[in-house]
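Visitor: Have a peek at upload_39.cif (mmCIF, C-alpha atoms).
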data_upload
#
loop_
_atom_site.group_PDB
_atom_site.id
_atom_site.type_symbol
_atom_site.label_atom_id
_atom_site.label_comp_id
_atom_site.auth_asym_id
_atom_site.auth_seq_id
_atom_site.Cartn_x
_atom_site.Cartn_y
_atom_site.Cartn_z
ATOM 1 C CA MET D 23 66.228 95.898 119.980
ATOM 2 C CA ASN D 24 68.678 93.007 120.081
ATOM 3 C CA CYS D 25 72.403 93.664 119.832
ATOM 4 C CA VAL D 26 73.554 93.512 116.205
ATOM 5 C CA ASN D 27 76.966 93.326 114.573
ATOM 6 C CA VAL D 28 77.423 96.202 112.134
ATOM 7 C CA GLU D 29 80.048 96.382 109.404
ATOM 8 C CA LEU D 30 81.227 99.796 108.190
ATOM 9 C CA LEU D 31 83.070 100.657 104.985
ATOM 10 C CA LEU D 32 85.389 103.618 105.557
ATOM 11 C CA GLU D 33 87.476 106.037 103.556
ATOM 12 C CA TYR D 34 89.964 108.340 105.250
ATOM 13 C CA ASP D 35 92.880 110.684 104.777
ATOM 14 C CA GLY D 36 95.353 109.481 107.402
ATOM 15 C CA THR D 37 97.540 112.604 107.360
ATOM 16 C CA SER D 38 96.339 113.974 110.703
ATOM 17 C CA TYR D 39 96.171 110.642 112.535
ATOM 18 C CA HIS D 40 98.679 108.500 114.377
ATOM 19 C CA GLY D 41 97.411 105.435 112.535
ATOM 20 C CA TRP D 42 94.238 103.391 112.926
ATOM 21 C CA GLN D 43 94.805 101.987 116.395
ATOM 22 C CA ARG D 44 93.820 103.877 119.540
ATOM 23 C CA GLN D 45 96.849 105.504 121.225
ATOM 24 C CA LYS D 46 97.328 106.839 124.752
ATOM 25 C CA ASN D 47 98.723 110.224 123.743
ATOM 26 C CA ALA D 48 97.885 110.653 120.049
ATOM 27 C CA CYS D 49 94.813 110.999 117.848
ATOM 28 C CA SER D 50 93.844 107.827 115.975
ATOM 29 C CA VAL D 51 91.181 106.917 113.416
ATOM 30 C CA GLN D 52 89.748 104.225 115.721
ATOM 31 C CA GLU D 53 89.301 106.609 118.647
ATOM 32 C CA THR D 54 87.752 109.310 116.445
ATOM 33 C CA LEU D 55 85.301 106.798 114.946
ATOM 34 C CA GLU D 56 84.383 105.259 118.315
ATOM 35 C CA GLU D 57 83.616 108.689 119.749
ATOM 36 C CA ALA D 58 81.462 109.608 116.735
ATOM 37 C CA ILE D 59 79.489 106.354 116.935
ATOM 38 C CA GLY D 60 79.095 106.727 120.693
ATOM 39 C CA SER D 61 77.738 110.241 120.313
ATOM 40 C CA VAL D 62 74.932 109.082 117.986
ATOM 41 C CA THR D 63 74.067 105.743 119.649
ATOM 42 C CA GLY D 64 74.602 106.764 123.268
ATOM 43 C CA GLU D 65 76.733 103.633 123.749
ATOM 44 C CA LYS D 66 80.376 103.004 124.544
ATOM 45 C CA VAL D 67 81.453 101.010 121.496
ATOM 46 C CA LYS D 68 84.577 99.086 120.578
ATOM 47 C CA VAL D 69 85.354 99.239 116.856
ATOM 48 C CA VAL D 70 87.506 96.545 115.227
ATOM 49 C CA GLY D 71 89.375 97.494 112.039
ATOM 50 C CA ALA D 72 90.474 95.140 109.271
ATOM 51 C CA GLY D 73 93.862 96.788 108.843
ATOM 52 C CA ARG D 74 95.920 98.645 111.453
ATOM 53 C CA THR D 75 97.144 101.368 109.116
ATOM 54 C CA ASP D 76 100.173 103.313 110.358
ATOM 55 C CA ALA D 77 100.504 107.042 111.029
ATOM 56 C CA GLY D 78 99.939 109.016 107.829
ATOM 57 C CA VAL D 79 98.597 106.033 105.854
ATOM 58 C CA HIS D 80 95.270 106.390 104.043
ATOM 59 C CA ALA D 81 92.314 104.095 103.339
ATOM 60 C CA LEU D 82 89.935 103.858 100.418
ATOM 61 C CA GLY D 83 88.264 100.661 101.630
ATOM 62 C CA GLN D 84 88.915 100.097 105.332
ATOM 63 C CA VAL D 85 86.368 97.768 106.944
ATOM 64 C CA ALA D 86 85.379 97.910 110.600
ATOM 65 C CA ASN D 87 82.722 96.324 112.778
ATOM 66 C CA PHE D 88 81.082 97.011 116.132
ATOM 67 C CA LYS D 89 78.202 95.687 118.253
ATOM 68 C CA THR D 90 75.251 97.980 118.951
ATOM 69 C CA ASN D 91 71.697 98.137 120.301
ATOM 70 C CA THR D 92 70.892 101.348 118.431
ATOM 71 C CA ARG D 93 67.427 101.923 116.986
ATOM 72 C CA ILE D 94 68.829 104.059 114.157
ATOM 73 C CA PRO D 95 68.010 102.316 110.840
ATOM 74 C CA LEU D 96 71.118 100.888 109.157
ATOM 75 C CA GLU D 97 70.603 102.938 106.002
ATOM 76 C CA LYS D 98 70.589 106.127 108.107
ATOM 77 C CA LEU D 99 73.568 105.167 110.271
ATOM 78 C CA PRO D 100 76.323 106.432 107.884
ATOM 79 C CA TYR D 101 74.641 109.857 107.687
ATOM 80 C CA ALA D 102 74.348 110.026 111.489
ATOM 81 C CA ILE D 103 77.946 108.969 112.133
ATOM 82 C CA ASN D 104 79.351 111.212 109.383
ATOM 83 C CA SER D 105 77.622 114.209 110.952
ATOM 84 C CA ARG D 106 79.885 113.703 113.995
ATOM 85 C CA LEU D 107 83.101 112.875 112.120
ATOM 86 C CA PRO D 108 85.754 115.304 110.841
ATOM 87 C CA GLU D 109 85.783 115.725 107.075
ATOM 88 C CA ASP D 110 88.860 113.502 106.618
ATOM 89 C CA ILE D 111 86.970 110.348 107.714
ATOM 90 C CA VAL D 112 83.800 109.169 105.961
ATOM 91 C CA VAL D 113 81.572 106.122 106.498
ATOM 92 C CA LYS D 114 80.525 104.963 103.012
ATOM 93 C CA ARG D 115 78.271 102.056 104.020
ATOM 94 C CA ALA D 116 76.767 100.283 107.030
ATOM 95 C CA ARG D 117 75.272 96.799 106.997
ATOM 96 C CA MET D 118 74.382 94.032 109.421
ATOM 97 C CA VAL D 119 76.757 91.055 109.453
ATOM 98 C CA PRO D 120 76.709 87.708 111.297
ATOM 99 C CA GLU D 121 77.443 87.707 115.020
ATOM 100 C CA ASP D 122 80.814 86.005 114.494
ATOM 101 C CA PHE D 123 82.037 88.432 111.799
ATOM 102 C CA HIS D 124 85.340 90.075 112.792
ATOM 103 C CA ALA D 125 86.711 92.752 110.448
ATOM 104 C CA ARG D 126 90.327 91.601 110.845
ATOM 105 C CA LEU D 127 90.100 87.874 111.603
ATOM 106 C CA SER D 128 87.413 87.161 108.979
ATOM 107 C CA ALA D 129 89.408 88.818 106.169
ATOM 108 C CA LYS D 130 90.773 86.482 103.480
ATOM 109 C CA ALA D 131 93.003 89.086 101.814
ATOM 110 C CA LYS D 132 93.800 92.791 101.671
ATOM 111 C CA VAL D 133 94.862 95.054 98.823
ATOM 112 C CA TYR D 134 97.272 97.936 99.428
ATOM 113 C CA ALA D 135 98.511 100.457 96.874
ATOM 114 C CA TYR D 136 101.675 102.535 97.040
ATOM 115 C CA THR D 137 101.844 105.649 94.843
ATOM 116 C CA ILE D 138 105.073 107.254 93.629
ATOM 117 C CA TYR D 139 104.974 110.634 91.898
ATOM 118 C CA ASN D 140 107.911 110.258 89.498
ATOM 119 C CA ALA D 141 108.382 113.703 87.952
ATOM 120 C CA PRO D 142 111.042 116.435 87.888
ATOM 121 C CA PHE D 143 109.055 118.682 90.248
ATOM 122 C CA PRO D 144 106.699 117.899 93.152
ATOM 123 C CA SER D 145 102.926 118.269 92.945
ATOM 124 C CA PRO D 146 101.325 120.337 95.724
ATOM 125 C CA LEU D 147 98.048 118.477 95.156
ATOM 126 C CA LEU D 148 99.643 115.023 95.580
ATOM 127 C CA ARG D 149 102.043 115.743 98.415
ATOM 128 C CA LYS D 150 99.802 114.073 101.026
ATOM 129 C CA PHE D 151 98.952 111.052 98.879
ATOM 130 C CA ALA D 152 102.108 110.112 96.954
ATOM 131 C CA TYR D 153 105.846 109.862 97.486
ATOM 132 C CA PHE D 154 107.645 112.379 95.306
ATOM 133 C CA PHE D 155 110.747 110.933 93.632
ATOM 134 C CA PRO D 156 112.375 113.066 90.902
ATOM 135 C CA ILE D 157 114.793 110.529 89.331
ATOM 136 C CA LYS D 158 113.313 108.617 86.385
ATOM 137 C CA LEU D 159 112.499 105.007 87.290
ATOM 138 C CA ASP D 160 112.648 101.979 84.975
ATOM 139 C CA VAL D 161 109.119 100.593 85.362
ATOM 140 C CA ASP D 162 109.797 97.583 83.096
ATOM 141 C CA ALA D 163 112.559 96.440 85.460
ATOM 142 C CA MET D 164 110.242 97.030 88.439
ATOM 143 C CA LYS D 165 107.596 94.828 86.778
ATOM 144 C CA GLN D 166 110.136 92.064 86.254
ATOM 145 C CA ALA D 167 111.177 92.250 89.897
ATOM 146 C CA ALA D 168 107.548 92.192 91.076
ATOM 147 C CA ALA D 169 107.093 88.669 89.713
ATOM 148 C CA TYR D 170 109.607 87.277 92.234
ATOM 149 C CA PHE D 171 107.418 88.351 95.161
ATOM 150 C CA LEU D 172 104.459 86.233 94.057
ATOM 151 C CA GLY D 173 103.595 83.097 95.993
ATOM 152 C CA ILE D 174 104.217 81.905 99.543
ATOM 153 C CA HIS D 175 107.463 83.150 101.084
ATOM 154 C CA ASP D 176 109.028 84.083 104.384
ATOM 155 C CA PHE D 177 109.083 87.876 104.084
ATOM 156 C CA SER D 178 111.415 88.526 107.042
ATOM 157 C CA ALA D 179 113.567 90.768 104.809
ATOM 158 C CA PHE D 180 110.526 92.976 104.213
ATOM 159 C CA ARG D 181 109.336 93.773 107.708
ATOM 160 C CA ALA D 182 110.373 96.425 110.192
ATOM 161 C CA GLN D 183 112.967 95.045 112.571
ATOM 162 C CA GLY D 184 111.736 94.266 116.047
ATOM 163 C CA SER D 185 108.091 93.775 115.045
ATOM 164 C CA PRO D 186 106.681 90.810 117.007
ATOM 165 C CA VAL D 187 104.916 88.228 114.824
ATOM 166 C CA LYS D 188 104.483 84.458 115.162
ATOM 167 C CA SER D 189 105.344 83.880 111.508
ATOM 168 C CA SER D 190 106.776 85.977 108.686
ATOM 169 C CA VAL D 191 105.284 83.702 106.011
ATOM 170 C CA ARG D 192 102.718 85.398 103.785
ATOM 171 C CA HIS D 193 101.096 84.629 100.439
ATOM 172 C CA ILE D 194 101.205 87.405 97.823
ATOM 173 C CA PHE D 195 98.535 86.701 95.191
ATOM 174 C CA ARG D 196 99.160 89.725 93.000
ATOM 175 C CA LEU D 197 101.734 92.505 92.681
ATOM 176 C CA ASP D 198 101.150 94.989 89.866
ATOM 177 C CA VAL D 199 103.375 97.910 88.866
ATOM 178 C CA GLU D 200 101.777 100.388 86.475
ATOM 179 C CA ARG D 201 102.795 103.816 85.199
ATOM 180 C CA THR D 202 100.213 106.412 84.157
ATOM 181 C CA GLY D 203 101.896 109.657 83.188
ATOM 182 C CA ASP D 204 104.054 110.698 86.134
ATOM 183 C CA ILE D 205 102.317 108.354 88.587
ATOM 184 C CA ILE D 206 103.651 104.886 89.353
ATOM 185 C CA LYS D 207 101.251 102.690 91.306
ATOM 186 C CA ILE D 208 102.370 99.513 93.073
ATOM 187 C CA GLU D 209 99.370 97.391 94.092
ATOM 188 C CA VAL D 210 99.767 94.319 96.303
ATOM 189 C CA GLU D 211 97.152 91.715 97.224
ATOM 190 C CA ALA D 212 98.060 89.197 99.930
ATOM 191 C CA ASN D 213 96.527 87.072 102.670
ATOM 192 C CA GLY D 214 98.253 89.285 105.238
ATOM 193 C CA PHE D 215 100.996 91.861 105.666
ATOM 194 C CA LEU D 216 103.907 92.338 108.041
ATOM 195 C CA TYR D 217 104.664 95.683 109.665
ATOM 196 C CA ASN D 218 105.867 98.097 106.921
ATOM 197 C CA MET D 219 105.924 95.225 104.398
ATOM 198 C CA VAL D 220 104.352 97.126 101.490
ATOM 199 C CA ARG D 221 106.498 100.206 102.097
ATOM 200 C CA ILE D 222 109.671 98.066 102.106
ATOM 201 C CA ILE D 223 108.618 96.098 99.012
ATOM 202 C CA SER D 224 107.920 99.435 97.293
ATOM 203 C CA GLY D 225 111.318 100.744 98.436
ATOM 204 C CA THR D 226 112.986 97.640 97.016
ATOM 205 C CA LEU D 227 111.183 98.070 93.686
ATOM 206 C CA LEU D 228 112.315 101.707 93.670
ATOM 207 C CA GLU D 229 115.938 100.514 93.994
ATOM 208 C CA VAL D 230 115.296 98.167 91.062
ATOM 209 C CA GLY D 231 113.890 101.097 89.084
ATOM 210 C CA LEU D 232 117.130 102.982 89.769
ATOM 211 C CA GLY D 233 119.261 100.025 88.629
ATOM 212 C CA ARG D 234 120.797 99.518 92.071
ATOM 213 C CA ILE D 235 119.157 96.103 92.460
ATOM 214 C CA PHE D 236 118.707 93.760 89.488
ATOM 215 C CA PRO D 237 115.221 92.197 89.156
ATOM 216 C CA GLN D 238 116.550 88.640 89.593
ATOM 217 C CA GLU D 239 118.259 89.624 92.861
ATOM 218 C CA VAL D 240 114.850 89.865 94.545
ATOM 219 C CA ALA D 241 114.639 86.073 94.840
ATOM 220 C CA SER D 242 117.885 85.867 96.812
ATOM 221 C CA ILE D 243 116.883 88.860 98.997
ATOM 222 C CA ILE D 244 113.664 87.049 99.925
ATOM 223 C CA ALA D 245 115.564 83.811 100.596
ATOM 224 C CA SER D 246 118.149 85.588 102.754
ATOM 225 C CA GLY D 247 115.596 87.003 105.207
ATOM 226 C CA ASP D 248 118.020 89.916 105.611
ATOM 227 C CA ARG D 249 116.312 93.288 106.087
ATOM 228 C CA ILE D 250 119.580 95.092 105.252
ATOM 229 C CA ARG D 251 119.581 93.697 101.702
ATOM 230 C CA ALA D 252 116.068 94.927 100.908
ATOM 231 C CA GLY D 253 115.265 98.511 99.955
ATOM 232 C CA ARG D 254 114.414 101.505 102.097
ATOM 233 C CA THR D 255 111.083 101.920 103.884
ATOM 234 C CA LEU D 256 109.223 104.500 101.805
ATOM 235 C CA PRO D 257 107.268 107.269 103.603
ATOM 236 C CA PRO D 258 103.697 106.581 104.774
ATOM 237 C CA GLN D 259 101.785 109.137 102.691
ATOM 238 C CA GLY D 260 102.102 107.047 99.506
ATOM 239 C CA LEU D 261 100.343 104.053 101.068
ATOM 240 C CA CYS D 262 96.609 103.338 100.944
ATOM 241 C CA LEU D 263 94.478 100.389 102.063
ATOM 242 C CA VAL D 264 92.394 99.886 98.923
ATOM 243 C CA ARG D 265 90.189 96.893 99.679
ATOM 244 C CA VAL D 266 89.543 94.090 102.165
ATOM 245 C CA ILE D 267 88.400 90.763 100.744
ATOM 246 C CA TYR D 268 86.166 88.356 102.683
#
Output the file's structure as structure tokens, nothing else.
Guide:
Amino acid sequence: MNCVNVELLLEYDGTSYHGWQRQKNACSVQETLEEAIGSVTGEKVKVVGAGRTDAGVHALGQVANFKTNTRIPLEKLPYAINSRLPEDIVVKRARMVPEDFHARLSAKAKVYAYTIYNAPFPSPLLRKFAYFFPIKLDVDAMKQAAAYFLGIHDFSAFRAQGSPVKSSVRHIFRLDVERTGDIIKIEVEANGFLYNMVRIISGTLLEVGLGRIFPQEVASIIASGDRIRAGRTLPPQGLCLVRVIY
């Protein structure tokens, strides 16, 4: 059988992992997946992920690809791989893609969601998947502030300091803030993200919700490029890679 390029759709709970990317001294999603695939195909595979999610960050729609000579039918491949994976990582789909498809470089956009549990008391069931914040937030003000992030900007103020990138310019297509009961969901779609960008944007919107930053101030924070002026970096468990768009 000729070597084929296989795309996988993945869902995982990132709580127990030190992020997507393979680490020397820590367990990662990439390493766990590569070992599972290798055990069913008998090959040493290199898996490329669309988004390098950080430690503790989850994925509902992570996309990955790898090259293989396996004879296992594509429709059976998810069942075979899942049988070797821990229960907090699941392959939802496998399909053949063109030879030049690259999960990260071929992506046109990604969608991330940050979840805040805004209630007087924490929820044991949500503690791994939402950031608990007990002080009531003004969601209308957060929605107003969200509009200032839209478009093409230099997002230097919204990246972790010291992260090496060629450019801090990104295009945010959509930024929605919605409240359902005690859950506030911040969903961002962009052509790319800087390190910790969504968690810092969410932290800035939280400050707006507290009245510490006025919605219209967001424009000048973006223009300043000053990380100190933006909000805190919210914890990783509230963040989820929802979808990758090609």
Visitor: Any chance you could resolve the PyMOL selection byres ((chain D and resi 196) around 10) against this file and give the residues as a VMD selection string?
Guide: chain D and resid 133 168 to 169 171 to 173 193 to 195 197 to 198 209 to 212
Visitor: Can you report as JSON the centre and edge lengths in Å, to one decimal, of an axis-aligned box around the listed atoms of stretch 218-236 of chain D padded with 4 Å on each side?
Guide:
{"center_x": 112.6, "center_y": 98.4, "center_z": 97.8, "size_x": 24.4, "size_y": 17.2, "size_z": 26.3}
Visitor: Report as a short mmCIF file (atom, residue, chain, number, x, y, z; two decimals) with C-alpha atoms, keeping the file's coordinate frame the residues that result from applying the PyMOL selection byres ((chain D and resi 33-50) around 8) to the structure here.
Guide:
data_model
loop_
_atom_site.label_atom_id
_atom_site.label_comp_id
_atom_site.auth_asym_id
_atom_site.auth_seq_id
_atom_site.Cartn_x
_atom_site.Cartn_y
_atom_site.Cartn_z
CA LEU D 31 83.07 100.66 104.98
CA LEU D 32 85.39 103.62 105.56
CA VAL D 51 91.18 106.92 113.42
CA GLN D 52 89.75 104.22 115.72
CA GLU D 53 89.30 106.61 118.65
CA THR D 54 87.75 109.31 116.44
CA GLY D 71 89.38 97.49 112.04
CA GLY D 73 93.86 96.79 108.84
CA ARG D 74 95.92 98.64 111.45
CA THR D 75 97.14 101.37 109.12
CA ASP D 76 100.17 103.31 110.36
CA ALA D 77 100.50 107.04 111.03
CA GLY D 78 99.94 109.02 107.83
CA VAL D 79 98.60 106.03 105.85
CA HIS D 80 95.27 106.39 104.04
CA ALA D 81 92.31 104.10 103.34
CA LEU D 82 89.94 103.86 100.42
CA GLY D 83 88.26 100.66 101.63
CA GLN D 84 88.92 100.10 105.33
CA ASP D 110 88.86 113.50 106.62
CA ILE D 111 86.97 110.35 107.71
CA VAL D 112 83.80 109.17 105.96
CA VAL D 113 81.57 106.12 106.50
CA LYS D 114 80.53 104.96 103.01
CA LYS D 150 99.80 114.07 101.03
CA GLN D 259 101.78 109.14 102.69
#
Visitor: Go through D:Glu65, D:Ile244, D:Gly260, D:Gly225 one by one, measure the shortest atom-to-atom distance of each to D:Met164 using all atoms listed in the file, and give the residue with the smallest value.
Guide: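 Ranked by minimum distance to D:Met164, first place goes to D:Gly225.
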Visitor: Work out how far atom CA of D:Asn27 is from atom CA of D:Phe123, in Å to one decimal.
Guide: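 Result for atom CA of D:Phe123 versus atom CA of D:Asn27: 7.6 Å, one decimal.
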Visitor: Between D:Thr137, D:Gln238, D:Ala116, D:Ile222, which has the minimum distance to D:Phe154 (counting all atoms listed in the file)?
Guide: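 Selected residue with least distance to D:Phe154: D:Thr137.
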Visitor: What is the distance between atom CA of D:Pro142 and atom CA of D:Leu256, in Å to one decimal?
Guide: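 Answer for the atom CA of D:Pro142 to atom CA of D:Leu256 separation: 18.4 Å.
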Visitor: Using the chain letters and numbers from the file, which residues does the PyMOL selection byres ((chain D and resi 89) around 8) grab, as a list in words?
Guide: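 Applied to this file, the PyMOL selection byres ((chain D and resi 89) around 8) returns Cys25, Val26, Asn27, Val28, Val67, Lys68, Asn87, Phe88, Thr90 and Asn91 of chain D.
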Visitor: Looking at only C-alpha atoms, which of D:Ile205, D:Leu127, D:Ile250, D:Leu216 is the one that sits closest to D:Val187?
Guide: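 Closest to D:Val187, using only C-alpha atoms: D:Leu216.
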Visitor: Identify, on the basis of all atoms listed in the file, every residue whose closest approach to D:Ile267 does not exceed 9 Å; exclude the query and any residue fewer than 6 positions from it along the same chain; express the result as a PyMOL selection string.
Guide: chain D and resi 129-133
Visitor: Nearest to D:Gly60: which of D:Tyr153, D:Val191, D:Ala241, D:Arg106 is it, counting all atoms listed in the file?
Guide: D:Arg106
Visitor: Pick out the residues sitting within 6 Å of D:Arg181, and hand them over as a list in words; count only C-alpha atoms, and ignore anything fewer than 5 positions along from it in its own chain.
Guide: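 With the cut-off at 6 Å, the set is Leu216, Tyr217, Asn218 and Met219 of chain D.
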Visitor: Rank nothing, just name the residue among D:Val230, D:Ile235, D:Leu55, D:Ala179 nearest to D:Pro108, using all atoms listed in the file.
Guide: D:Leu55
Visitor: Rank D:Asp176, D:Pro186, D:Leu261, D:Thr202 by their smallest atom-to-atom distance to D:Gly247, using only C-alpha atoms, and report the top residue only.
Guide: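 Among the listed residues, the smallest separation from D:Gly247 belongs to D:Asp176.
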Visitor: When you draw a straight line from atom CA of D:Glu229 to atom CA of D:Pro257, how long is it in Å?
Guide: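 For atom CA of D:Glu229 relative to atom CA of D:Pro257, the distance reads 14.6 Å.
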